[in-house]
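A.B. asks: File follows, work-v3.cif with mmCIF, C-alpha atoms and all ligand atoms:
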```cif
data_entry
#
loop_
_atom_site.label_atom_id
_atom_site.label_comp_id
_atom_site.auth_asym_id
_atom_site.auth_seq_id
_atom_site.Cartn_x
_atom_site.Cartn_y
_atom_site.Cartn_z
CA MET A 1 -3.00 5.44 58.35
CA ASN A 2 -5.02 2.28 58.48
CA SER A 3 -2.35 -0.39 58.15
CA ALA A 4 -4.49 -3.04 59.81
CA ARG A 5 -7.03 -2.78 57.05
CA ARG A 6 -4.41 -3.39 54.38
CA LEU A 7 -3.13 -6.47 56.16
CA THR A 8 -6.22 -8.29 55.04
CA PRO A 9 -5.24 -9.71 51.67
CA SER A 10 -8.19 -8.42 49.69
CA SER A 11 -8.49 -4.84 50.82
CA GLY A 12 -5.14 -3.10 50.32
CA TRP A 13 -1.78 -3.19 48.59
CA PRO A 14 -0.61 -6.79 48.97
CA GLY A 15 2.68 -8.31 49.93
CA PHE A 16 4.26 -6.51 52.78
CA ASP A 17 3.69 -8.97 55.63
CA GLU A 18 7.22 -10.29 55.08
CA LEU A 19 8.46 -7.00 56.44
CA LEU A 20 7.08 -7.96 59.83
CA ASP A 21 9.67 -10.63 60.43
CA GLY A 22 12.36 -8.28 61.88
CA SER A 23 13.02 -7.34 65.47
CA GLY A 24 12.22 -3.99 67.04
CA PRO A 25 8.99 -2.32 67.83
CA VAL A 26 6.49 -3.72 65.39
CA ASP A 27 4.14 -0.76 65.67
CA GLU A 28 6.83 1.68 64.61
CA LEU A 29 7.89 -0.50 61.72
CA LEU A 30 4.28 -0.97 60.71
CA GLU A 31 3.75 2.75 60.70
CA ARG A 32 6.85 3.44 58.60
CA VAL A 33 6.03 0.72 56.12
CA GLY A 34 2.39 1.70 56.12
CA ASP A 35 3.26 5.32 55.31
CA ARG A 36 5.36 4.27 52.35
CA GLU A 37 2.70 1.89 51.20
CA GLU A 38 0.02 4.52 51.48
CA LEU A 39 2.18 6.80 49.31
CA LEU A 40 2.66 4.07 46.74
CA LEU A 41 -1.02 3.25 46.74
CA GLN A 42 -2.00 6.85 46.21
CA ALA A 43 0.56 7.28 43.41
CA LEU A 44 -0.77 4.17 41.67
CA ARG A 45 -4.35 5.32 42.15
CA ILE A 46 -3.55 8.70 40.62
CA ALA A 47 -1.84 6.93 37.72
CA GLY A 48 -4.94 4.75 37.34
CA VAL A 49 -2.92 1.62 38.08
CA GLY A 50 -4.28 -1.21 40.18
CA GLY A 51 -2.17 -3.81 41.98
CA TRP A 52 -2.80 -7.49 42.58
CA GLU A 53 -1.03 -10.41 44.18
CA LEU A 54 -1.65 -14.12 43.90
CA ASP A 55 -0.22 -16.30 46.63
CA ILE A 56 0.59 -19.45 44.71
CA ALA A 57 0.68 -21.78 47.71
CA SER A 58 -2.65 -20.73 49.19
CA GLY A 59 -4.30 -19.59 45.98
CA THR A 60 -5.26 -16.33 47.70
CA LEU A 61 -5.71 -13.38 45.40
CA SER A 62 -5.45 -9.82 46.67
CA TRP A 63 -6.57 -6.67 44.87
CA SER A 64 -5.81 -3.03 45.59
CA GLU A 65 -8.73 -0.63 45.75
CA GLU A 66 -7.92 0.65 42.26
CA THR A 67 -8.09 -2.92 40.94
CA TYR A 68 -11.58 -3.29 42.41
CA ARG A 69 -12.56 -0.06 40.69
CA ILE A 70 -11.09 -1.17 37.37
CA PHE A 71 -12.96 -4.50 37.47
CA GLY A 72 -16.14 -2.79 38.64
CA VAL A 73 -16.39 -4.95 41.77
CA ASP A 74 -17.51 -3.66 45.16
CA PRO A 75 -15.03 -4.82 47.89
CA GLN A 76 -17.96 -5.08 50.32
CA ASP A 77 -19.74 -7.60 48.09
CA GLU A 78 -17.03 -9.87 46.77
CA LYS A 79 -13.56 -11.13 47.54
CA PRO A 80 -11.16 -11.57 44.63
CA SER A 81 -10.45 -15.04 43.36
CA ALA A 82 -9.16 -16.67 40.20
CA GLU A 83 -12.77 -17.68 39.41
CA LEU A 84 -13.99 -14.11 39.79
CA PHE A 85 -11.14 -12.79 37.63
CA TYR A 86 -11.70 -15.29 34.82
CA SER A 87 -15.46 -14.80 34.94
CA LEU A 88 -14.83 -11.11 34.22
CA VAL A 89 -12.32 -11.64 31.40
CA HIS A 90 -14.02 -11.44 28.00
CA PRO A 91 -14.83 -15.03 26.87
CA GLU A 92 -12.86 -14.49 23.64
CA ASP A 93 -9.72 -13.45 25.56
CA ARG A 94 -9.95 -15.98 28.40
CA ALA A 95 -7.91 -18.83 26.87
CA ARG A 96 -5.16 -16.47 25.75
CA VAL A 97 -4.85 -14.85 29.18
CA LEU A 98 -4.76 -18.24 30.88
CA ASP A 99 -2.11 -19.54 28.46
CA ASN A 100 0.11 -16.53 28.95
CA GLN A 101 -0.22 -16.62 32.71
CA SER A 102 0.78 -20.29 32.73
CA TRP A 103 3.72 -19.52 30.45
CA SER A 104 4.86 -16.69 32.70
CA TYR A 105 4.42 -18.92 35.77
CA GLU A 106 6.56 -21.65 34.27
CA THR A 107 9.31 -19.51 32.79
CA GLY A 108 9.42 -16.59 35.21
CA ASP A 109 9.06 -14.22 32.23
CA ILE A 110 7.05 -11.05 32.65
CA PHE A 111 3.40 -11.52 31.81
CA ASP A 112 2.35 -8.57 29.64
CA GLN A 113 -1.12 -8.81 28.20
CA GLU A 114 -3.91 -6.73 26.85
CA TYR A 115 -7.36 -8.18 27.25
CA ARG A 116 -10.95 -7.19 27.62
CA ILE A 117 -13.18 -7.60 30.61
CA VAL A 118 -16.94 -7.52 30.73
CA ARG A 119 -18.06 -5.79 33.88
CA ARG A 120 -21.15 -6.98 35.72
CA ASP A 121 -23.19 -4.18 34.14
CA GLY A 122 -22.13 -5.42 30.69
CA GLU A 123 -19.62 -2.66 30.01
CA VAL A 124 -16.57 -3.84 28.10
CA ARG A 125 -13.22 -2.36 29.18
CA TYR A 126 -9.74 -2.84 27.72
CA LEU A 127 -7.03 -3.63 30.28
CA ASN A 128 -3.30 -3.99 30.23
CA SER A 129 -1.76 -6.21 32.86
CA ARG A 130 1.88 -6.86 33.69
CA ALA A 131 2.94 -9.42 36.27
CA GLN A 132 5.80 -11.65 37.29
CA ILE A 133 6.45 -14.54 39.63
CA LEU A 134 8.50 -13.30 42.58
CA PRO A 135 9.74 -15.00 45.73
CA ARG A 136 8.21 -13.65 48.89
CA GLY A 137 9.41 -13.12 52.44
CA ARG A 138 11.44 -15.50 54.54
CA THR A 139 9.80 -18.57 53.08
CA ARG A 140 10.65 -17.49 49.54
CA ASP A 141 7.27 -18.84 48.50
CA ASN A 142 6.34 -17.85 45.02
CA ARG A 143 3.69 -15.29 44.34
CA PHE A 144 2.43 -13.54 41.27
CA LEU A 145 2.73 -9.79 41.64
CA GLY A 146 1.12 -7.64 39.05
CA ILE A 147 -0.40 -4.35 38.02
CA VAL A 148 -3.41 -3.63 35.87
CA ARG A 149 -4.31 -0.51 33.90
CA ASP A 150 -7.54 0.48 32.24
CA ILE A 151 -6.57 1.45 28.66
CA THR A 152 -10.11 1.61 27.28
CA GLU A 153 -9.96 5.29 26.29
CA ARG A 154 -6.66 4.80 24.45
CA ARG A 155 -7.97 1.66 22.71
CA LEU A 156 -11.20 3.36 21.65
CA PHE A 157 -9.20 6.33 20.38
CA GLU A 158 -6.93 3.99 18.41
CA GLN A 159 -9.95 2.17 17.00
CA GLN A 160 -11.46 5.51 16.02
CA LEU A 161 -8.17 6.53 14.43
CA GLU A 162 -8.01 3.25 12.54
CA ALA A 163 -11.59 3.74 11.32
CA GLU A 164 -10.70 7.30 10.22
CA ARG A 165 -7.62 6.00 8.41
CA ALA A 166 -9.69 3.34 6.66
CA ARG A 167 -12.26 6.00 5.73
CA ALA A 168 -9.53 8.32 4.39
CA ALA A 169 -8.07 5.45 2.35
CA ARG A 170 -11.52 4.64 0.97
CA LEU A 171 -12.16 8.30 0.08
CA GLN A 172 -8.78 8.56 -1.59
CA SER A 173 -9.40 5.52 -3.75
CA GLU A 174 -12.87 6.85 -4.61
CA LEU A 175 -11.29 10.17 -5.54
CA ILE A 176 -8.74 8.48 -7.79
CA HIS A 177 -11.59 6.55 -9.39
CA ILE A 178 -13.64 9.74 -9.87
CA SER A 179 -10.75 11.76 -11.27
CA ARG A 180 -9.90 8.94 -13.68
CA ASN A 181 -13.53 8.92 -14.78
CA SER A 182 -13.53 12.72 -14.99
CA ALA A 183 -10.49 12.71 -17.24
CA MET A 184 -12.25 10.25 -19.53
CA GLU A 185 -15.47 12.26 -19.39
CA THR A 186 -13.53 15.42 -20.17
CA MET A 187 -11.91 13.82 -23.16
CA ALA A 188 -15.17 12.30 -24.37
CA ALA A 189 -16.99 15.61 -23.97
CA ALA A 190 -14.21 17.51 -25.73
CA ILE A 191 -14.26 15.07 -28.66
CA ALA A 192 -18.05 15.23 -28.88
CA HIS A 193 -17.96 19.02 -28.64
CA GLU A 194 -15.38 19.42 -31.42
CA LEU A 195 -16.53 16.68 -33.77
CA ASN A 196 -20.18 17.60 -33.69
CA GLN A 197 -19.93 20.41 -36.23
CA PRO A 198 -17.91 18.72 -39.03
CA LEU A 199 -19.78 15.44 -38.64
CA THR A 200 -23.15 17.22 -38.87
CA ALA A 201 -21.85 18.93 -42.01
CA VAL A 202 -20.76 15.56 -43.47
CA ALA A 203 -24.21 14.10 -42.78
CA ASN A 204 -26.06 17.12 -44.25
CA PHE A 205 -23.89 17.30 -47.38
CA SER A 206 -24.20 13.54 -47.91
CA ALA A 207 -27.99 13.77 -47.80
CA ALA A 208 -27.87 16.72 -50.19
CA ALA A 209 -25.46 14.83 -52.51
CA ARG A 210 -27.81 11.85 -52.68
CA ALA A 211 -30.74 14.09 -53.57
CA LEU A 212 -28.68 15.95 -56.19
CA HIS A 213 -27.43 12.70 -57.71
CA ALA A 214 -30.98 11.42 -58.08
CA ARG A 215 -31.98 14.64 -59.83
CA ASP A 216 -28.92 15.29 -62.02
CA PRO A 217 -25.83 13.07 -61.71
CA LEU A 218 -23.74 15.66 -63.56
CA SER A 219 -24.76 18.66 -61.41
CA GLU A 220 -21.98 21.04 -60.37
CA GLN A 221 -23.64 21.37 -56.97
CA LEU A 222 -23.09 17.66 -56.50
CA GLU A 223 -19.39 18.15 -56.98
CA GLU A 224 -19.41 21.02 -54.44
CA ALA A 225 -21.33 18.86 -51.91
CA CYS A 226 -18.75 16.08 -52.29
CA ARG A 227 -15.95 18.61 -51.81
CA GLN A 228 -17.61 19.80 -48.59
CA ILE A 229 -17.97 16.22 -47.37
CA GLU A 230 -14.31 15.60 -48.02
CA SER A 231 -13.18 18.84 -46.37
CA ASN A 232 -15.33 18.32 -43.26
CA ALA A 233 -14.21 14.71 -42.92
CA HIS A 234 -10.60 15.98 -43.03
CA LYS A 235 -11.47 18.59 -40.40
CA ALA A 236 -12.91 15.87 -38.13
CA ALA A 237 -9.77 13.79 -38.60
CA GLU A 238 -7.60 16.83 -37.80
CA ILE A 239 -9.60 17.48 -34.63
CA VAL A 240 -9.13 13.89 -33.48
CA ARG A 241 -5.40 14.21 -34.16
CA GLY A 242 -5.30 17.53 -32.29
CA LEU A 243 -7.14 16.11 -29.29
CA ARG A 244 -4.76 13.19 -29.14
CA ALA A 245 -1.84 15.59 -29.34
CA MET A 246 -3.33 17.58 -26.44
CA THR A 247 -2.92 14.64 -24.12
CA LYS A 248 0.79 14.74 -24.95
CA PRO A 249 1.59 18.46 -24.68
CA GLY A 250 4.28 19.54 -27.08
CA ASN A 251 3.67 16.69 -29.50
CA GLY A 252 1.29 18.67 -31.74
CA HIS A 253 2.13 19.20 -35.38
CA ARG A 254 3.23 22.84 -35.65
CA THR A 255 3.51 24.94 -38.77
CA THR A 256 3.96 28.66 -39.42
CA VAL A 257 0.59 30.09 -40.38
CA SER A 258 -1.13 33.41 -40.93
CA LEU A 259 -2.90 34.29 -37.72
CA ALA A 260 -5.62 36.32 -39.47
CA ASP A 261 -6.57 33.38 -41.74
CA THR A 262 -6.49 30.91 -38.86
CA ILE A 263 -8.79 33.14 -36.80
CA ARG A 264 -11.23 33.80 -39.66
CA ASP A 265 -11.58 30.09 -40.50
CA ALA A 266 -12.17 29.13 -36.87
CA ALA A 267 -14.62 31.97 -36.19
CA ALA A 268 -16.61 31.06 -39.31
CA LEU A 269 -16.92 27.52 -37.95
CA ALA A 270 -18.13 28.80 -34.59
CA LEU A 271 -20.69 31.15 -36.14
CA VAL A 272 -22.68 28.44 -37.92
CA GLY A 273 -26.31 28.98 -36.92
CA ALA A 274 -25.53 31.89 -34.58
CA ASP A 275 -27.60 35.08 -34.67
CA VAL A 276 -24.80 37.60 -34.10
CA THR A 277 -22.90 40.33 -35.90
CA ILE A 278 -19.16 39.82 -36.04
CA SER A 279 -16.48 42.37 -36.87
CA TYR A 280 -12.78 41.67 -37.46
CA ASP A 281 -9.81 43.88 -36.85
CA LEU A 282 -6.96 41.54 -37.73
CA ALA A 283 -3.45 42.76 -38.50
CA PRO A 284 -2.69 41.00 -41.79
CA ASP A 285 1.03 40.41 -41.31
CA LEU A 286 1.05 38.34 -38.08
CA ARG A 287 2.49 34.85 -38.43
CA VAL A 288 2.65 32.30 -35.65
CA HIS A 289 4.27 28.88 -35.38
CA VAL A 290 1.46 26.78 -33.93
CA ASP A 291 -0.63 23.66 -34.12
CA ARG A 292 -3.28 25.25 -36.31
CA VAL A 293 -6.09 22.92 -35.24
CA GLN A 294 -5.45 23.50 -31.56
CA ILE A 295 -5.37 27.30 -31.94
CA GLN A 296 -8.57 27.08 -33.98
CA GLN A 297 -10.14 25.11 -31.13
CA VAL A 298 -9.33 28.00 -28.81
CA ILE A 299 -10.86 30.57 -31.16
CA VAL A 300 -13.92 28.37 -31.70
CA ASN A 301 -14.39 28.07 -27.92
CA LEU A 302 -14.08 31.82 -27.35
CA VAL A 303 -16.35 32.81 -30.22
CA ARG A 304 -18.97 30.17 -29.30
CA ASN A 305 -18.94 31.37 -25.71
CA ALA A 306 -19.35 34.96 -26.96
CA CYS A 307 -22.30 33.91 -29.14
CA GLU A 308 -23.97 32.24 -26.17
CA ALA A 309 -23.26 35.28 -23.97
CA VAL A 310 -25.08 37.67 -26.33
CA GLU A 311 -28.00 35.31 -26.98
CA SER A 312 -30.36 37.26 -24.73
CA ALA A 313 -28.57 40.62 -25.06
CA ALA A 314 -29.83 43.58 -27.12
CA ASN A 315 -26.38 44.18 -28.59
CA LYS A 316 -25.27 41.11 -30.53
CA ASP A 317 -21.95 42.51 -31.77
CA ILE A 318 -18.86 40.40 -31.34
CA ALA A 319 -15.46 41.88 -32.12
CA VAL A 320 -12.40 39.78 -32.93
CA ALA A 321 -9.07 41.57 -33.01
CA ALA A 322 -5.44 40.53 -33.47
CA ARG A 323 -2.52 42.92 -33.02
CA ARG A 324 1.20 42.80 -32.52
CA GLN A 325 2.33 43.32 -28.93
CA GLY A 326 6.13 43.21 -28.77
CA ASP A 327 7.25 39.69 -29.74
CA CYS A 328 3.74 38.36 -29.42
CA ALA A 329 0.45 38.51 -31.16
CA CYS A 330 -2.46 39.48 -28.95
CA ILE A 331 -5.91 38.20 -29.88
CA ALA A 332 -9.11 39.45 -28.26
CA VAL A 333 -12.70 38.24 -28.56
CA THR A 334 -15.06 40.85 -27.13
CA ASP A 335 -18.81 40.79 -26.64
CA ARG A 336 -21.45 42.99 -24.96
CA GLY A 337 -23.32 40.07 -23.43
CA VAL A 338 -24.13 38.91 -19.91
CA GLY A 339 -20.58 39.29 -18.59
CA ILE A 340 -19.01 37.25 -15.79
CA ALA A 341 -19.78 37.49 -12.08
CA GLU A 342 -16.81 38.79 -10.08
CA ASP A 343 -16.59 35.70 -7.85
CA LEU A 344 -16.42 33.43 -10.90
CA LEU A 345 -13.50 35.25 -12.52
CA PRO A 346 -10.65 33.63 -10.51
CA THR A 347 -11.77 30.08 -11.44
CA ILE A 348 -13.21 30.68 -14.89
CA PHE A 349 -10.34 28.77 -16.58
CA ASP A 350 -10.63 25.77 -14.24
CA SER A 351 -12.22 22.54 -15.45
CA PHE A 352 -15.92 22.00 -14.85
CA VAL A 353 -16.69 25.65 -14.08
CA SER A 354 -19.87 26.41 -15.95
CA THR A 355 -22.96 28.57 -15.49
CA LYS A 356 -24.78 26.94 -18.37
CA GLU A 357 -27.46 24.36 -17.83
CA ASP A 358 -25.87 21.96 -20.31
CA GLY A 359 -22.32 23.31 -19.99
CA MET A 360 -19.40 21.02 -19.26
CA GLY A 361 -17.09 23.83 -18.24
CA ILE A 362 -14.13 22.45 -20.13
CA GLY A 363 -13.84 24.80 -23.13
CA LEU A 364 -11.83 27.45 -21.31
CA SER A 365 -9.66 24.98 -19.40
CA ILE A 366 -8.73 23.22 -22.63
CA SER A 367 -8.07 26.64 -24.23
CA ARG A 368 -5.73 27.59 -21.41
CA ARG A 369 -3.80 24.32 -21.75
CA ILE A 370 -3.40 24.84 -25.47
CA VAL A 371 -2.32 28.48 -25.18
CA GLU A 372 0.15 27.75 -22.39
CA ALA A 373 1.58 24.77 -24.31
CA HIS A 374 2.31 27.30 -27.10
CA GLY A 375 4.15 29.62 -24.70
CA GLY A 376 1.30 32.11 -24.53
CA ARG A 377 -1.07 33.42 -21.88
CA ILE A 378 -4.84 33.72 -21.71
CA GLY A 379 -7.05 35.99 -19.61
CA VAL A 380 -10.31 37.85 -19.40
CA THR A 381 -11.68 41.23 -18.33
CA SER A 382 -15.37 41.47 -17.65
CA LYS A 383 -18.08 43.36 -15.86
CA PRO A 384 -21.36 41.59 -15.13
CA GLY A 385 -24.05 42.86 -17.50
CA GLU A 386 -21.56 44.72 -19.68
CA GLY A 387 -19.88 41.89 -21.56
CA ALA A 388 -16.52 40.16 -21.57
CA SER A 389 -13.25 40.41 -23.41
CA PHE A 390 -11.17 37.22 -23.60
CA TRP A 391 -7.59 37.76 -24.73
CA LEU A 392 -4.67 35.52 -25.47
CA THR A 393 -1.09 35.98 -26.55
CA LEU A 394 1.02 33.78 -28.83
CA PRO A 395 4.71 34.21 -29.59
CA LEU A 396 5.24 35.46 -33.14
CA ALA A 397 7.07 33.15 -35.53
CA ALA A 398 10.76 34.04 -35.88
P1 LIG B 401 -19.05 25.93 -20.85
O1 LIG B 401 -19.23 26.81 -22.07
O2 LIG B 401 -19.31 24.48 -21.08
O3 LIG B 401 -19.77 26.48 -19.70
P2 LIG B 401 -16.40 27.09 -20.80
O4 LIG B 401 -15.15 26.66 -20.20
O5 LIG B 401 -16.38 27.42 -22.23
O6 LIG B 401 -17.49 25.99 -20.49
O7 LIG B 401 -16.88 28.38 -20.02
C1 LIG B 401 -17.01 28.36 -18.64
C2 LIG B 401 -17.95 29.43 -18.17
O8 LIG B 401 -17.37 30.71 -18.42
C3 LIG B 401 -19.28 29.49 -18.89
O9 LIG B 401 -20.22 28.60 -18.35
C4 LIG B 401 -19.69 30.93 -18.65
O10 LIG B 401 -20.28 31.07 -17.37
C5 LIG B 401 -18.37 31.66 -18.62
N1 LIG B 401 -18.10 32.34 -19.87
C6 LIG B 401 -17.26 31.96 -20.86
N2 LIG B 401 -17.24 32.85 -21.86
C7 LIG B 401 -18.08 33.84 -21.50
C8 LIG B 401 -18.51 35.10 -22.11
N3 LIG B 401 -18.04 35.50 -23.29
N4 LIG B 401 -19.39 35.86 -21.42
C9 LIG B 401 -19.87 35.47 -20.22
N5 LIG B 401 -19.51 34.32 -19.60
C10 LIG B 401 -18.64 33.52 -20.23
#
```
Produce structure tokens that represent the structure in this file.

C.D. replies:
Amino acid sequence: MNSARRLTPSSGWPGFDELLDGSGPVDELLERVGDREELLLQALRIAGVGGWELDIASGTLSWSEETYRIFGVDPQDEKPSAELFYSLVHPEDRARVLDNQSWSYETGDIFDQEYRIVRRDGEVRYLNSRAQILPRGRTRDNRFLGIVRDITERRLFEQQLEAERARAARLQSELIHISRNSAMETMAAAIAHELNQPLTAVANFSAAARALHARDPLSEQLEEACRQIESNAHKAAEIVRGLRAMTKPGNGHRTTVSLADTIRDAAALALVGADVTISYDLAPDLRVHVDRVQIQQVIVNLVRNACEAVESAANKDIAVAARRQGDCACIAVTDRGVGIAEDLLPTIFDSFVSTKEDGMGIGLSISRRIVEAHGGRIGVTSKPGEGASFWLTLPLAA
């Protein structure tokens, strides 16, 4: 126990000389006090806490060994002083620390500050210091007694956390932006997808009508071309109405229709320009209460997908069937095309899942939404290389 060393103000825990004013054997007292002080010093060192004392009257500043370590000062080289302390405090924090110390000195309130220091080697550390003016010894002279802790790791961690939070917030707002855009893209793509066919027909029949009119204004073919223009324009309008209704599930215009007719009309639309053979096995008596346009969209999607699946296949047969299954009608569109990879099956009805170079991957997800909004289910069975069979159920009309 080296109590003599700690009696020098700058080398040990400060502020115990007042204990030497009693009677009795000084050595014994010194030893007892020194033991306790050593214990306290070690506890503070382990806790990473440094101690300091400023004797107001003499202006003498004392640091514990831990304080030297925290400030990065070698006790052999320098003695602590207010000048040394303030030269180490970060220039941006200096005025604030000084202000608060003066305030604490005048009021007797606890000084509790976080500030940065710049060590001699340029390293910046974050410190927390607590101190208070206390009377000392017999003379009751005032002194500032304080502790200092290095909180750099905690500060850096908090800064990192804050940066992560800011990054997460940025990502979230980007995600919201993207998903909003995606919803618009989805809608735009769906409209383009569905309107393309009737609008192309309107354009083609208009061109034909003009040519026919130039040749023979009274031609019957001209009348037929005009009828086609009118019918396809209506179809386009119906599709737009259906798409708008899709954004408000349940708001579609539902009527009781023949399922076989609905399927045939939709399939015929999907087969325009396709090099396939289609066969129907449609129970004639099935009636469903549905939004006809929406259900036709589903059939168009399934048949178009089937056509694309058999494009490079030897067998270009597509079978469309509709049968009663309890209270429901079950519709199946089956092809012998490329089939679906096993790992794709679980997500095939999700948006933006596509294996096609120009595919949007929205046909099946829209189909699922429509079928489910009608109280039905949709699914698929497939083996890669052997084709696929998409099925859906719809409740039969009462
Ligand atoms: P897209 O046709 O734009 O790709 P869909 O939602 O209609 O979007 O289909 C998603 C994917 O499902 C397709 O890219 C294709 O990989 C697969 N798929 C759909 N129908 C069939 C089918 N009959 N045979 C094989 N794969 C199919």

A.B. asks: If you count all atoms listed in the file, which residues fall within 8 Å of segment 41-55 of chain A, apart from same-chain ones fewer than 2 positions away, as a VMD selection string?

C.D. replies: chain A and resid 13 to 15 37 to 39 57 to 68 70 142 to 150

A.B. asks: For atom CA of Lys316 of chain A and atom CA of Glu194 of chain A, determine how far apart the two atoms are, in Å to one decimal place.

C.D. replies: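 Result for atom CA of Lys316 of chain A versus atom CA of Glu194 of chain A: 23.9 Å, one decimal.
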
A.B. asks: Using all atoms listed in the file, can you tell me which of A:Ala398, A:Ala341, A:Val73, A:Ala237 comes closest to ligand LIG 401 (chain B)?

C.D. replies: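 Among the listed residues, A:Ala341 lies closest to ligand LIG 401 (chain B).
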
A.B. asks: Using only C-alpha atoms and all ligand atoms, what are the residues with an atom within 7 Å of ligand LIG 401 (chain B), set out as a PDB file with C-alpha atoms, in the frame of the given file?

C.D. replies:
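For reference, selection.pdb as written:
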```pdb
ATOM      1  CA  ASN A 301     -14.390  28.070 -27.920  1.00  0.00           C
ATOM      2  CA  LEU A 302     -14.080  31.820 -27.350  1.00  0.00           C
ATOM      3  CA  ASN A 305     -18.940  31.370 -25.710  1.00  0.00           C
ATOM      4  CA  ALA A 306     -19.350  34.960 -26.960  1.00  0.00           C
ATOM      5  CA  ALA A 309     -23.260  35.280 -23.970  1.00  0.00           C
ATOM      6  CA  ASP A 335     -18.810  40.790 -26.640  1.00  0.00           C
ATOM      7  CA  GLY A 337     -23.320  40.070 -23.430  1.00  0.00           C
ATOM      8  CA  VAL A 338     -24.130  38.910 -19.910  1.00  0.00           C
ATOM      9  CA  GLY A 339     -20.580  39.290 -18.590  1.00  0.00           C
ATOM     10  CA  ILE A 340     -19.010  37.250 -15.790  1.00  0.00           C
ATOM     11  CA  ILE A 348     -13.210  30.680 -14.890  1.00  0.00           C
ATOM     12  CA  PHE A 349     -10.340  28.770 -16.580  1.00  0.00           C
ATOM     13  CA  SER A 351     -12.220  22.540 -15.450  1.00  0.00           C
ATOM     14  CA  VAL A 353     -16.690  25.650 -14.080  1.00  0.00           C
ATOM     15  CA  SER A 354     -19.870  26.410 -15.950  1.00  0.00           C
ATOM     16  CA  THR A 355     -22.960  28.570 -15.490  1.00  0.00           C
ATOM     17  CA  LYS A 356     -24.780  26.940 -18.370  1.00  0.00           C
ATOM     18  CA  GLY A 359     -22.320  23.310 -19.990  1.00  0.00           C
ATOM     19  CA  MET A 360     -19.400  21.020 -19.260  1.00  0.00           C
ATOM     20  CA  GLY A 361     -17.090  23.830 -18.240  1.00  0.00           C
ATOM     21  CA  ILE A 362     -14.130  22.450 -20.130  1.00  0.00           C
ATOM     22  CA  GLY A 363     -13.840  24.800 -23.130  1.00  0.00           C
ATOM     23  CA  LEU A 364     -11.830  27.450 -21.310  1.00  0.00           C
ATOM     24  CA  SER A 365      -9.660  24.980 -19.400  1.00  0.00           C
ATOM     25  CA  GLY A 387     -19.880  41.890 -21.560  1.00  0.00           C
ATOM     26  CA  ALA A 388     -16.520  40.160 -21.570  1.00  0.00           C
ATOM     27  CA  SER A 389     -13.250  40.410 -23.410  1.00  0.00           C
TER      28      SER A 389
END
```

A.B. asks: Each side padded by 6 Å, which centre and which edge lengths in Å (one decimal) define the axis-aligned box around the listed atoms of segment 288-307 of chain A? Give them as lines of an AutoDock Vina configuration file.

C.D. replies:
```
center_x = -9.0
center_y = 28.9
center_z = -31.0
size_x = 38.6
size_y = 24.0
size_z = 22.6
```

A.B. asks: Mind pulling up the distance from atom CA of Arg119 of chain A to atom CA of Phe85 of chain A?

C.D. replies: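 Atom CA of Phe85 of chain A sits 10.5 Å away from atom CA of Arg119 of chain A.
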
A.B. asks: Please provide as a JSON list (two decimals) with C-alpha atoms, in the coordinates of the input all residues within 10 Å of Arg377 of chain A, with the sequence filter that same-chain residues fewer than 5 positions apart are discarded (counting all atoms listed in the file).

C.D. replies:
```json
[["chain", "number", "residue", "atom", "x", "y", "z"],
["A", 330, "CYS", "CA", -2.46, 39.48, -28.95],
["A", 368, "ARG", "CA", -5.73, 27.59, -21.41],
["A", 369, "ARG", "CA", -3.80, 24.32, -21.75],
["A", 370, "ILE", "CA", -3.40, 24.84, -25.47],
["A", 371, "VAL", "CA", -2.32, 28.48, -25.18],
["A", 372, "GLU", "CA", 0.15, 27.75, -22.39],
["A", 391, "TRP", "CA", -7.59, 37.76, -24.73],
["A", 392, "LEU", "CA", -4.67, 35.52, -25.47],
["A", 393, "THR", "CA", -1.09, 35.98, -26.55],
["A", 394, "LEU", "CA", 1.02, 33.78, -28.83],
["A", 395, "PRO", "CA", 4.71, 34.21, -29.59]]
```

A.B. asks: Determine, for each residue of segment 179-232 of chain A having at least one atom at most 12 Å from an atom of segment 249-270 of chain A, the closest pair of atoms and their separation in Å to one decimal, counting all atoms listed in the file; order by chain and ascending number, as JSON lines.

C.D. replies:
```
{"residue": "A:His193", "atom": "CA", "partner": "A:Ala270", "partner_atom": "CA", "distance": 11.4}
{"residue": "A:Glu194", "atom": "CA", "partner": "A:Ala270", "partner_atom": "CA", "distance": 10.3}
{"residue": "A:Leu195", "atom": "CA", "partner": "A:Leu269", "partner_atom": "CA", "distance": 11.6}
{"residue": "A:Asn196", "atom": "CA", "partner": "A:Leu269", "partner_atom": "CA", "distance": 11.3}
{"residue": "A:Gln197", "atom": "CA", "partner": "A:Leu269", "partner_atom": "CA", "distance": 7.9}
{"residue": "A:Pro198", "atom": "CA", "partner": "A:Leu269", "partner_atom": "CA", "distance": 8.9}
{"residue": "A:Ala201", "atom": "CA", "partner": "A:Leu269", "partner_atom": "CA", "distance": 10.7}
{"residue": "A:Asn232", "atom": "CA", "partner": "A:Leu269", "partner_atom": "CA", "distance": 10.7}
```

A.B. asks: For the selection just defined, write its residues with C-alpha atoms to a file, as a short mmCIF file (atom, residue, chain, number, x, y, z; two decimals), in the frame of the given file.

C.D. replies:
```cif
data_model
loop_
_atom_site.label_atom_id
_atom_site.label_comp_id
_atom_site.auth_asym_id
_atom_site.auth_seq_id
_atom_site.Cartn_x
_atom_site.Cartn_y
_atom_site.Cartn_z
CA HIS A 193 -17.96 19.02 -28.64
CA GLU A 194 -15.38 19.42 -31.42
CA LEU A 195 -16.53 16.68 -33.77
CA ASN A 196 -20.18 17.60 -33.69
CA GLN A 197 -19.93 20.41 -36.23
CA PRO A 198 -17.91 18.72 -39.03
CA ALA A 201 -21.85 18.93 -42.01
CA ASN A 232 -15.33 18.32 -43.26
#
```
